[in-house]
$ cat target_23.csv   # CSV, C-alpha atoms and all ligand atoms
chain,number,residue,atom,x,y,z
L,1,MET,CA,-1.2,-16.0,-27.1
L,2,PRO,CA,0.8,-14.7,-24.0
L,3,THR,CA,-1.3,-14.9,-20.9
L,4,ILE,CA,-2.2,-11.7,-19.2
L,5,LYS,CA,-0.3,-11.2,-15.9
L,6,THR,CA,-2.1,-10.9,-12.5
L,7,ILE,CA,-1.5,-8.0,-10.2
L,8,PHE,CA,-2.4,-8.1,-6.5
L,9,SER,CA,-2.0,-5.4,-3.9
L,10,GLY,CA,-3.8,-4.0,-0.9
L,11,ILE,CA,-3.9,-1.3,1.8
L,12,GLN,CA,-4.9,-1.7,5.4
L,13,PRO,CA,-7.8,0.5,6.6
L,14,SER,CA,-5.8,1.5,9.6
L,15,GLY,CA,-5.7,5.2,9.4
L,16,ARG,CA,-6.1,8.2,7.1
L,17,LEU,CA,-4.6,7.3,3.7
L,18,ASN,CA,-1.9,9.8,2.7
L,19,ILE,CA,-0.1,11.0,-0.4
L,20,GLY,CA,2.7,8.4,0.4
L,21,ASN,CA,0.1,5.6,0.0
L,22,TYR,CA,-1.1,7.3,-3.2
L,23,ILE,CA,2.2,7.9,-4.8
L,24,GLY,CA,3.9,4.7,-3.7
L,25,ALA,CA,1.0,2.3,-4.3
L,26,ILE,CA,-2.3,3.4,-5.7
L,27,SER,CA,-1.1,5.6,-8.5
L,28,GLN,CA,1.0,2.6,-9.8
L,29,TRP,CA,-2.1,0.5,-9.7
L,30,VAL,CA,-4.1,2.9,-11.8
L,31,GLU,CA,-1.5,2.8,-14.5
L,32,MET,CA,-1.4,-1.0,-14.4
L,33,GLN,CA,-5.1,-1.8,-14.7
L,34,SER,CA,-5.3,-1.4,-18.5
L,35,HIS,CA,-2.6,-4.0,-19.1
L,36,TYR,CA,-3.1,-6.7,-16.4
L,37,ASN,CA,-5.7,-8.6,-14.5
L,38,CYS,CA,-5.8,-6.5,-11.4
L,39,ILE,CA,-7.0,-7.4,-7.9
L,40,PHE,CA,-7.0,-4.8,-5.2
L,41,SER,CA,-8.0,-5.6,-1.6
L,42,VAL,CA,-8.9,-3.6,1.5
L,43,VAL,CA,-6.9,-5.7,3.9
L,44,ASP,CA,-8.9,-5.4,7.0
L,45,TYR,CA,-7.5,-8.4,8.8
L,46,HIS,CA,-4.1,-6.8,8.5
L,47,ALA,CA,-5.5,-3.7,10.1
L,48,ILE,CA,-6.5,-5.5,13.3
L,49,THR,CA,-2.9,-6.6,14.0
L,50,VAL,CA,-2.9,-3.3,16.0
L,51,LYS,CA,-5.9,-2.1,18.1
L,52,GLN,CA,-8.7,-0.7,16.1
L,53,ASP,CA,-12.0,0.9,17.2
L,54,SER,CA,-14.7,-1.3,15.6
L,55,GLU,CA,-16.9,1.6,14.5
L,56,GLU,CA,-13.9,3.4,13.1
L,57,LEU,CA,-12.7,0.3,11.3
L,58,ARG,CA,-16.2,-0.2,9.6
L,59,LYS,CA,-16.0,3.4,8.4
L,60,ARG,CA,-12.4,3.1,7.2
L,61,ILE,CA,-13.1,0.0,5.1
L,62,LEU,CA,-15.6,2.0,3.0
L,63,GLU,CA,-13.3,5.1,3.1
L,64,VAL,CA,-10.4,3.1,1.6
L,65,THR,CA,-12.7,1.6,-1.0
L,66,LYS,CA,-13.9,5.1,-2.0
L,67,ILE,CA,-10.3,6.3,-2.2
L,68,TYR,CA,-9.4,3.5,-4.6
L,69,LEU,CA,-12.3,4.6,-6.8
L,70,ALA,CA,-11.6,8.3,-6.6
L,71,ALA,CA,-7.9,7.6,-7.5
L,72,GLY,CA,-9.1,6.0,-10.7
L,73,ILE,CA,-9.3,2.2,-9.9
L,74,ASP,CA,-12.1,1.2,-12.3
L,75,PRO,CA,-14.2,-1.7,-11.1
L,76,GLU,CA,-14.9,-2.6,-14.7
L,77,LYS,CA,-11.2,-3.3,-15.2
L,78,SER,CA,-10.1,-4.3,-11.7
L,79,ILE,CA,-11.5,-6.4,-8.9
L,80,ILE,CA,-11.9,-4.5,-5.6
L,81,PHE,CA,-12.7,-6.6,-2.5
L,82,GLN,CA,-12.6,-6.8,1.3
L,83,GLN,CA,-10.1,-9.3,2.6
L,84,SER,CA,-12.2,-10.6,5.4
L,85,ALA,CA,-15.0,-11.5,3.0
L,86,ILE,CA,-12.9,-14.3,1.6
L,87,PRO,CA,-12.1,-16.7,4.5
L,88,ALA,CA,-9.5,-18.5,2.3
L,89,HIS,CA,-7.0,-15.8,3.2
L,90,THR,CA,-6.9,-16.6,6.9
L,91,GLU,CA,-7.2,-20.3,6.2
L,92,LEU,CA,-4.2,-20.3,3.9
L,93,ALA,CA,-2.2,-18.1,6.3
L,94,TRP,CA,-2.7,-20.8,8.9
L,95,ILE,CA,-1.5,-23.5,6.6
L,96,PHE,CA,1.6,-21.3,5.7
L,97,ASN,CA,2.2,-20.9,9.4
L,98,CYS,CA,2.6,-24.7,9.5
L,99,TYR,CA,4.2,-25.2,6.1
L,100,GLY,CA,6.7,-22.8,4.5
L,101,THR,CA,7.3,-20.3,7.2
L,102,HIS,CA,10.2,-20.4,9.8
L,103,MET,CA,10.4,-18.4,13.0
L,104,SER,CA,13.7,-17.1,11.7
L,105,ASP,CA,11.9,-15.6,8.7
L,106,LEU,CA,9.6,-13.6,10.9
L,107,ASN,CA,12.4,-12.6,13.3
L,108,LYS,CA,14.1,-10.8,10.4
L,109,MET,CA,11.1,-8.6,9.4
L,110,THR,CA,12.0,-5.0,9.8
L,111,GLN,CA,8.4,-3.7,9.9
L,112,PHE,CA,7.7,-5.9,12.9
L,113,LYS,CA,10.8,-4.5,14.6
L,114,ASP,CA,9.7,-1.0,13.8
L,115,LYS,CA,6.1,-1.4,14.9
L,116,SER,CA,6.7,-3.4,18.0
L,117,GLY,CA,9.5,-1.2,19.2
L,118,LYS,CA,10.3,-1.9,22.8
L,119,ASN,CA,7.1,-3.9,23.3
L,120,GLN,CA,8.1,-7.0,21.4
L,121,GLU,CA,6.8,-9.3,24.2
L,122,SER,CA,3.4,-7.6,24.5
L,123,VAL,CA,2.3,-6.8,20.9
L,124,SER,CA,-0.2,-9.2,19.3
L,125,VAL,CA,0.9,-12.5,17.7
L,126,GLY,CA,-1.0,-11.2,14.7
L,127,LEU,CA,1.5,-8.3,14.2
L,128,TYR,CA,4.3,-10.9,14.2
L,129,ASP,CA,2.5,-13.2,11.8
L,130,TYR,CA,1.3,-10.4,9.6
L,131,PRO,CA,3.7,-11.2,6.7
L,132,VAL,CA,2.3,-14.7,6.5
L,133,LEU,CA,-1.2,-13.4,5.9
L,134,MET,CA,0.2,-11.1,3.3
L,135,ALA,CA,1.8,-14.1,1.6
L,136,ALA,CA,-1.5,-15.9,1.6
L,137,ASP,CA,-3.2,-12.8,0.0
L,138,ILE,CA,-0.7,-12.8,-2.8
L,139,LEU,CA,-0.3,-16.5,-3.5
L,140,LEU,CA,-4.0,-17.4,-3.4
L,141,TYR,CA,-4.5,-15.7,-6.8
L,142,ASP,CA,-1.5,-16.9,-8.8
L,143,THR,CA,-0.2,-13.3,-8.6
L,144,ASP,CA,2.7,-12.4,-10.9
L,145,ILE,CA,3.3,-8.8,-9.8
L,146,VAL,CA,2.9,-7.0,-6.5
L,147,PRO,CA,3.1,-3.2,-6.8
L,148,VAL,CA,4.0,-1.8,-3.4
L,149,GLY,CA,6.1,0.9,-1.8
L,150,GLU,CA,9.7,0.2,-0.8
L,151,ASP,CA,8.8,-0.8,2.8
L,152,GLN,CA,6.9,-3.9,1.6
L,153,LYS,CA,9.6,-5.5,-0.5
L,154,GLN,CA,10.8,-7.7,2.3
L,155,HIS,CA,7.3,-9.1,2.8
L,156,VAL,CA,7.0,-10.0,-0.9
L,157,GLU,CA,10.4,-11.7,-0.7
L,158,LEU,CA,9.0,-13.8,2.1
L,159,ALA,CA,6.0,-14.7,0.0
L,160,ARG,CA,8.4,-15.9,-2.7
L,161,ASP,CA,10.2,-18.1,-0.1
L,162,ILE,CA,7.0,-19.6,1.3
L,163,ALA,CA,5.8,-20.4,-2.3
L,164,ARG,CA,9.1,-22.1,-3.2
L,165,ARG,CA,9.2,-24.2,0.0
L,166,PHE,CA,5.5,-25.2,-0.3
L,167,ASN,CA,6.0,-26.1,-4.0
L,168,ASN,CA,9.1,-28.2,-3.1
L,169,GLU,CA,7.1,-30.2,-0.7
L,170,PHE,CA,3.8,-30.5,-2.5
L,171,GLY,CA,4.4,-29.9,-6.2
L,172,ASP,CA,3.7,-26.9,-8.4
L,173,ILE,CA,0.9,-25.2,-6.6
L,174,PHE,CA,1.9,-21.5,-6.2
L,175,LYS,CA,3.2,-19.0,-8.7
L,176,ILE,CA,6.3,-17.1,-7.6
L,177,PRO,CA,5.4,-13.4,-7.4
L,178,GLN,CA,7.6,-10.4,-7.9
L,179,ALA,CA,7.4,-7.0,-6.1
L,180,VAL,CA,7.4,-3.9,-8.3
L,181,VAL,CA,8.4,-0.7,-6.7
L,182,ARG,CA,8.3,2.8,-8.4
L,183,GLN,CA,11.6,4.2,-9.4
L,184,GLU,CA,10.6,7.6,-8.0
L,185,GLY,CA,8.3,8.0,-5.0
L,186,ALA,CA,8.6,4.5,-3.6
L,187,LYS,CA,9.2,6.0,-0.2
L,188,ILE,CA,7.7,9.4,0.6
L,189,MET,CA,9.2,10.7,3.8
L,190,SER,CA,7.6,12.5,6.7
L,191,LEU,CA,7.3,16.3,6.3
L,192,LEU,CA,8.9,17.0,9.7
L,193,ASP,CA,11.5,14.3,9.8
L,194,PRO,CA,12.7,13.3,6.3
L,195,THR,CA,14.6,10.3,7.8
L,196,ARG,CA,11.3,8.6,8.6
L,197,LYS,CA,8.6,7.2,6.2
L,198,MET,CA,5.4,9.2,5.9
L,199,SER,CA,3.0,6.7,7.7
L,200,LYS,CA,-0.7,6.8,8.0
L,201,SER,CA,-0.6,5.6,11.6
L,202,ASP,CA,1.8,8.4,12.6
L,203,ASP,CA,0.5,10.1,15.9
L,204,ASN,CA,1.6,13.5,14.6
L,205,GLN,CA,-0.5,14.1,11.5
L,206,ASN,CA,1.6,17.2,10.7
L,207,ASN,CA,4.1,14.7,9.2
L,208,CYS,CA,1.6,13.6,6.6
L,209,ILE,CA,-0.7,15.0,3.9
L,210,ALA,CA,-3.8,12.9,4.1
L,211,LEU,CA,-5.8,12.5,0.9
L,212,LEU,CA,-8.9,13.7,2.7
L,213,ASP,CA,-7.1,16.6,4.6
L,214,ASP,CA,-8.8,19.9,4.6
L,215,VAL,CA,-6.9,21.6,1.7
L,216,ALA,CA,-6.0,24.8,3.7
L,217,SER,CA,-4.4,22.8,6.4
L,218,ALA,CA,-2.6,20.6,3.9
L,219,GLN,CA,-1.1,23.8,2.4
L,220,LYS,CA,0.0,24.9,5.8
L,221,LYS,CA,1.7,21.5,6.4
L,222,ILE,CA,3.8,22.0,3.2
L,223,ILE,CA,4.8,25.6,4.2
L,224,ARG,CA,5.9,24.3,7.7
L,225,ALA,CA,7.7,21.2,6.3
L,226,VAL,CA,11.3,21.1,7.4
L,227,THR,CA,14.0,22.0,4.8
L,228,ASP,CA,17.8,21.3,4.7
L,229,SER,CA,20.7,23.7,5.3
L,230,GLY,CA,21.8,25.8,2.3
L,231,SER,CA,19.3,27.3,-0.1
L,232,GLU,CA,19.7,25.4,-3.4
L,233,ILE,CA,16.8,23.3,-4.8
L,234,VAL,CA,18.6,20.2,-5.9
L,235,TYR,CA,17.7,16.5,-5.7
L,236,ASP,CA,20.3,15.0,-3.4
L,237,PRO,CA,18.6,12.5,-1.0
L,238,LEU,CA,21.8,11.9,0.9
L,239,HIS,CA,22.7,15.5,1.7
L,240,LYS,CA,19.3,17.2,1.2
L,241,PRO,CA,16.7,14.6,2.2
L,242,ALA,CA,14.0,17.1,3.0
L,243,ILE,CA,14.2,19.0,-0.3
L,244,ALA,CA,14.6,15.7,-2.2
L,245,ASN,CA,11.4,14.5,-0.6
L,246,LEU,CA,9.5,17.7,-1.5
L,247,LEU,CA,10.8,17.6,-5.0
L,248,THR,CA,9.5,14.0,-5.3
L,249,ILE,CA,6.1,15.0,-4.1
L,250,TYR,CA,6.1,18.0,-6.5
L,251,ALA,CA,7.1,15.8,-9.4
L,252,GLN,CA,4.6,13.1,-8.7
L,253,LEU,CA,1.5,15.2,-7.8
L,254,GLY,CA,2.3,17.9,-10.3
L,255,ASN,CA,3.3,15.6,-13.1
L,256,ARG,CA,6.7,17.1,-13.7
L,257,GLN,CA,10.3,15.8,-14.1
L,258,ILE,CA,12.6,16.4,-11.1
L,259,LYS,CA,15.3,17.6,-13.5
L,260,ARG,CA,12.9,20.2,-14.9
L,261,LEU,CA,12.0,21.4,-11.5
L,262,GLU,CA,15.7,21.8,-10.6
L,263,LYS,CA,16.1,24.1,-13.6
L,264,ASP,CA,12.9,26.0,-13.0
L,265,TYR,CA,13.9,26.7,-9.4
L,266,ALA,CA,17.6,27.3,-10.0
L,267,ASP,CA,17.3,31.0,-9.1
L,268,LYS,CA,14.7,30.7,-6.4
L,269,GLY,CA,14.7,29.9,-2.7
L,270,TYR,CA,12.9,27.5,-0.5
L,271,GLY,CA,10.1,29.9,0.3
L,272,ASP,CA,9.0,30.2,-3.4
L,273,PHE,CA,9.4,26.5,-3.9
L,274,LYS,CA,7.2,25.6,-1.0
L,275,LYS,CA,4.6,28.1,-1.9
L,276,ASP,CA,4.3,26.6,-5.4
L,277,LEU,CA,4.3,23.1,-4.0
L,278,ALA,CA,1.5,24.0,-1.6
L,279,ASP,CA,-0.5,25.1,-4.7
L,280,ILE,CA,0.2,21.8,-6.5
L,281,VAL,CA,-1.0,20.0,-3.4
L,282,LEU,CA,-4.1,22.1,-3.2
L,283,LYS,CA,-5.0,21.4,-6.8
L,284,PHE,CA,-4.3,17.7,-6.5
L,285,LEU,CA,-6.4,17.4,-3.3
L,286,THR,CA,-9.3,19.6,-4.5
L,287,ASP,CA,-9.6,17.4,-7.7
L,288,PHE,CA,-9.2,14.2,-5.7
L,289,GLN,CA,-11.7,15.1,-3.1
L,290,SER,CA,-14.3,16.3,-5.6
L,291,LYS,CA,-14.2,12.8,-7.1
L,292,TYR,CA,-14.3,11.2,-3.7
L,293,ASN,CA,-17.3,13.2,-2.5
L,294,LYS,CA,-19.3,11.9,-5.5
L,295,ILE,CA,-19.0,8.3,-4.3
L,296,SER,CA,-21.5,7.1,-1.7
L,297,ASP,CA,-20.9,4.5,1.0
L,298,ASN,CA,-23.5,2.4,-0.7
L,299,ASP,CA,-21.6,2.5,-4.0
L,300,ALA,CA,-18.6,1.3,-2.1
L,301,ARG,CA,-20.5,-1.5,-0.4
L,302,GLU,CA,-21.9,-2.7,-3.8
L,303,ILE,CA,-18.4,-2.7,-5.4
L,304,LEU,CA,-17.0,-4.7,-2.5
L,305,GLU,CA,-19.8,-7.2,-2.8
L,306,ASP,CA,-19.3,-7.5,-6.6
L,307,GLY,CA,-15.6,-8.0,-6.0
L,308,ARG,CA,-16.3,-10.7,-3.5
L,309,LYS,CA,-18.5,-12.6,-6.0
L,310,LYS,CA,-16.0,-12.4,-8.7
L,311,ILE,CA,-13.1,-13.6,-6.6
L,312,GLU,CA,-14.6,-16.2,-4.4
L,313,LYS,CA,-14.4,-19.0,-6.9
L,314,ILE,CA,-10.7,-18.5,-7.7
L,315,ALA,CA,-9.9,-18.5,-4.0
L,316,ASN,CA,-11.9,-21.6,-3.3
L,317,GLY,CA,-10.4,-23.5,-6.3
L,318,LYS,CA,-6.9,-22.8,-5.0
L,319,MET,CA,-7.8,-23.8,-1.5
L,320,GLU,CA,-9.2,-27.2,-2.6
L,321,ARG,CA,-5.9,-28.0,-4.2
L,322,VAL,CA,-4.0,-26.9,-1.1
L,323,ARG,CA,-6.2,-28.9,1.3
L,324,LYS,CA,-5.8,-32.0,-0.9
L,325,SER,CA,-2.0,-31.5,-1.1
L,326,ILE,CA,-1.5,-31.4,2.6
L,327,GLY,CA,-3.9,-34.3,3.2
L,328,VAL,CA,-6.9,-32.8,5.0
L,329,ARG,CA,-9.1,-33.8,2.0
L,401,LIG,P1,0.7,2.1,8.7
L,401,LIG,O1,1.3,3.3,9.2
L,401,LIG,O2,-0.7,1.9,9.2
L,401,LIG,O3,1.5,0.9,8.7
L,401,LIG,P2,1.3,2.8,5.9
L,401,LIG,O4,1.0,4.3,5.7
L,401,LIG,O5,2.6,2.3,6.0
L,401,LIG,O6,0.4,2.4,7.2
L,401,LIG,P3,0.2,0.6,4.5
L,401,LIG,O7,-1.2,0.2,4.5
L,401,LIG,O8,1.2,-0.2,5.3
L,401,LIG,O9,0.4,2.1,4.8
L,401,LIG,O10,0.7,0.7,3.0
L,401,LIG,C1,-0.1,0.7,1.9
L,401,LIG,C2,0.8,0.8,0.6
L,401,LIG,O11,1.3,2.1,0.6
L,401,LIG,C3,2.0,-0.1,0.6
L,401,LIG,O12,2.2,-0.5,-0.7
L,401,LIG,C4,3.1,0.7,1.1
L,401,LIG,O13,4.4,0.3,0.6
L,401,LIG,C5,2.7,2.1,0.5
L,401,LIG,N1,3.3,3.1,1.3
L,401,LIG,C6,3.0,3.4,2.6
L,401,LIG,N2,3.7,4.5,3.0
L,401,LIG,C7,4.4,4.9,1.9
L,401,LIG,C8,5.3,6.0,1.7
L,401,LIG,N3,5.6,6.8,2.7
L,401,LIG,N4,5.8,6.2,0.5
L,401,LIG,C9,5.5,5.3,-0.5
L,401,LIG,N5,4.7,4.3,-0.4
L,401,LIG,C10,4.1,4.1,0.8
L,402,LIG,N1,1.3,-5.2,4.2
L,402,LIG,C1,0.9,-4.3,3.2
L,402,LIG,C2,-0.6,-4.4,2.9
L,402,LIG,C3,-0.9,-5.7,2.2
L,402,LIG,C4,-0.5,-6.1,0.9
L,402,LIG,C5,-1.0,-7.4,0.8
L,402,LIG,C6,0.2,-5.5,-0.1
L,402,LIG,C7,-1.5,-6.8,2.8
L,402,LIG,N2,-1.6,-7.8,1.9
L,402,LIG,C8,-0.8,-8.1,-0.4
L,402,LIG,C9,0.4,-6.2,-1.3
L,402,LIG,C10,-0.1,-7.5,-1.4
L,402,LIG,C11,1.2,-2.9,3.6
L,402,LIG,O1,1.3,-2.1,2.8
L,402,LIG,N3,1.3,-2.7,4.9

$ encode --input "target_23.csv" --output "structure tokens" --more "lines below"
Ligand code: ATP
Ligand code: LTN
Amino acid sequence: MPTIKTIFSGIQPSGRLNIGNYIGAISQWVEMQSHYNCIFSVVDYHAITVKQDSEELRKRILEVTKIYLAAGIDPEKSIIFQQSAIPAHTELAWIFNCYGTHMSDLNKMTQFKDKSGKNQESVSVGLYDYPVLMAADILLYDTDIVPVGEDQKQHVELARDIARRFNNEFGDIFKIPQAVVRQEGAKIMSLLDPTRKMSKSDDNQNNCIALLDDVASAQKKIIRAVTDSGSEIVYDPLHKPAIANLLTIYAQLGNRQIKRLEKDYADKGYGDFKKDLADIVLKFLTDFQSKYNKISDNDAREILEDGRKKIEKIANGKMERVRKSIGVR
């Protein structure tokens, strides 16, 4: 019998989750959970690599959990847990800091460069070390596949390198994982600047449609989204990045093919197109939020606790092997 593959992924509770997180990551997870062993984490120790307000963070951890559930992650099929509830993640990250990771690896990470900007000397060491914690998350559970958006591919590549180096030194302890990125929608761009990723920690929330946005203001954001020169509605990311992005959002949230949309809008202008897209967004968010509002904070707490119980043994088993292999046991 072929063994069922393991999927691991996570989102940081660091801001208001948006349709980029949904399209690039969560919607893929929902499709995968019927075919694989799935583990989805609320990666709170990743969130604290940048300053968080503690009350806000506590609230966001439950919010992200409820978003997973509302999006269709089924706790009967998938394990949902909070990263900080399993101390093995940070312990393994420390060990990987010492074995398997080189300074030169982390110096190459584009997310660190983007997020630290001009303040490279004053940002937290945690932000720099962030990909090592991510490698620990993934490798702890013998993960085969990591479904993520485009921006995370480099981090999964590093997890592969760390696993290989560790295995070379200590024997066959970690499985080599693989990133899986959606063909369409792996990088949803900002509504006002289609050269930048839509990002939940963006200071200007007019760039993003949050999953919990008030639907009327979400519609307005679509109507105000920038467009490209010309008037044709065609998918051409190089020359028409704004329209390509809006077409992708339309296709993903409205369950249509981009080719079909191009035909449907062949004789229409940007105004009609954006008005229809605003309706698609309204329908999607209304439906999503009605599911979200039925889930209580207590439901979320219970699900995280169930997840912790289910996963603890696996993490501890792997850590025992790791501790023995490096000689601390
Ligand atoms: P932050 O701005 O706080 O770094 P983020 O919006 O980039 O947050 P993450 O928590 O880093 O979100 O990402 C969660 C998941 O969502 C990852 O798999 C990431 O690749 C995916 N993702 C994030 N933004 C987008 C986007 N604009 N398009 C597609 N996928 C995305
Ligand atoms: N770095 C990821 C979040 C994350 C993750 C993971 C994703 C932390 N650990 C393990 C997949 C697997 C991000 O999206 N910013």

$ residues_near_ligand --input "target_23.csv" --ligand "ligand LIG 401 (chain L)" --cutoff "7 Å" --atoms "all atoms listed in the file" --output "ChimeraX atom specification"
/L:10-15,17-18,20-25,147-152,185-189,197-202

$ residues_near_ligand --input "target_23.csv" --ligand "ligand LIG 402 (chain L)" --cutoff "9 Å" --atoms "only C-alpha atoms and all ligand atoms" --output "ChimeraX atom specification"
/L:7-12,21,25,40-47,83,111,130-131,133-139,146-149,151-152,155-156,179

$ atom_distance --input "target_23.csv" --atom1 "atom CA of Ser325 of chain L" --atom2 "atom CA of His102 of chain L"
19.8 Å

$ closest_residue --input "target_23.csv" --among "L:Gly171, L:Gly230, L:Gly72, L:Gly307" --to "Trp29 of chain L" --atoms "all atoms listed in the file"
L:Gly72

$ closest_atom_pairs --input "target_23.csv" --of "segment 136-248 of chain L" --to "segment 93-99 of chain L" --cutoff "10 Å" --atoms "only C-alpha atoms" --output "tab-separated table"
residue	atom	partner	partner_atom	distance
L:Ala136	CA	L:Ala93	CA	5.2
L:Asp137	CA	L:Ala93	CA	8.3
L:Leu140	CA	L:Ala93	CA	9.9
L:Ala159	CA	L:Phe96	CA	9.8
L:Ile162	CA	L:Phe96	CA	7.2
L:Ala163	CA	L:Phe96	CA	9.1
L:Arg165	CA	L:Tyr99	CA	8.0
L:Phe166	CA	L:Tyr99	CA	6.5
L:Glu169	CA	L:Tyr99	CA	8.9

$ residues_around --input "target_23.csv" --residues "His239 of chain L" --least-positions-apart "3" --cutoff "12 Å" --atoms "only C-alpha atoms" --output "number ranges by chain"
L: 194-195, 227-230, 232-236, 242-245

$ atom_distance --input "target_23.csv" --atom1 "atom CA of Lys274 of chain L" --atom2 "atom CA of Ile222 of chain L"
6.5 Å

$ atom_distance --input "target_23.csv" --atom1 "atom CA of Thr110 of chain L" --atom2 "atom CA of Asp129 of chain L"
12.7 Å

$ residues_around --input "target_23.csv" --residues "His35 of chain L" --least-positions-apart "3" --cutoff "9 Å" --atoms "all atoms listed in the file" --output "list in words"
Ile4, Lys5, Glu31, Met32 and Cys38 of chain L

$ closest_residue --input "target_23.csv" --among "L:Lys318, L:Tyr36, L:Gln28, L:Ser290" --to "Val181 of chain L" --atoms "only C-alpha atoms"
L:Gln28

$ closest_residue --input "target_23.csv" --among "L:Tyr292, L:Tyr265, L:Phe174, L:Tyr128" --to "Tyr141 of chain L" --atoms "only C-alpha atoms"
L:Phe174

$ closest_residue --input "target_23.csv" --among "L:Ala210, L:Ile295, L:Ile48, L:Val132" --to "Arg16 of chain L" --atoms "only C-alpha atoms"
L:Ala210

$ residues_around --input "target_23.csv" --residues "Leu191 of chain L" --least-positions-apart "2" --cutoff "7 Å" --atoms "only C-alpha atoms" --output "PDB file with C-alpha atoms, in the frame of the given file"
ATOM      1  CA  MET L 189       9.200  10.700   3.800  1.00  0.00           C
ATOM      2  CA  ASP L 193      11.500  14.300   9.800  1.00  0.00           C
ATOM      3  CA  PRO L 194      12.700  13.300   6.300  1.00  0.00           C
ATOM      4  CA  ASN L 207       4.100  14.700   9.200  1.00  0.00           C
ATOM      5  CA  CYS L 208       1.600  13.600   6.600  1.00  0.00           C
ATOM      6  CA  ALA L 225       7.700  21.200   6.300  1.00  0.00           C
ATOM      7  CA  VAL L 226      11.300  21.100   7.400  1.00  0.00           C
TER       8      VAL L 226
END

$ residues_around --input "target_23.csv" --residues "segment 251-258 of chain L" --least-positions-apart "3" --cutoff "8 Å" --atoms "all atoms listed in the file" --output "PyMOL selection string"
chain L and resi 23+185+235+247-248+261-262+280-281+284

$ closest_residue --input "target_23.csv" --among "L:Gln82, L:Gln178, L:Gln289, L:Gln52" --to "Glu312 of chain L" --atoms "all atoms listed in the file"
L:Gln82

$ closest_residue --input "target_23.csv" --among "L:Thr143, L:Ser104, L:Gln205, L:Asn293" --to "Pro177 of chain L" --atoms "all atoms listed in the file"
L:Thr143

$ residues_around --input "target_23.csv" --residues "Lys291 of chain L" --least-positions-apart "2" --cutoff "10 Å" --atoms "only C-alpha atoms" --output "CSV table (one decimal) with C-alpha atoms, keeping the file's coordinate frame"
chain,number,residue,atom,x,y,z
L,66,LYS,CA,-13.9,5.1,-2.0
L,67,ILE,CA,-10.3,6.3,-2.2
L,69,LEU,CA,-12.3,4.6,-6.8
L,70,ALA,CA,-11.6,8.3,-6.6
L,71,ALA,CA,-7.9,7.6,-7.5
L,72,GLY,CA,-9.1,6.0,-10.7
L,285,LEU,CA,-6.4,17.4,-3.3
L,286,THR,CA,-9.3,19.6,-4.5
L,287,ASP,CA,-9.6,17.4,-7.7
L,288,PHE,CA,-9.2,14.2,-5.7
L,289,GLN,CA,-11.7,15.1,-3.1
L,293,ASN,CA,-17.3,13.2,-2.5
L,294,LYS,CA,-19.3,11.9,-5.5
L,295,ILE,CA,-19.0,8.3,-4.3
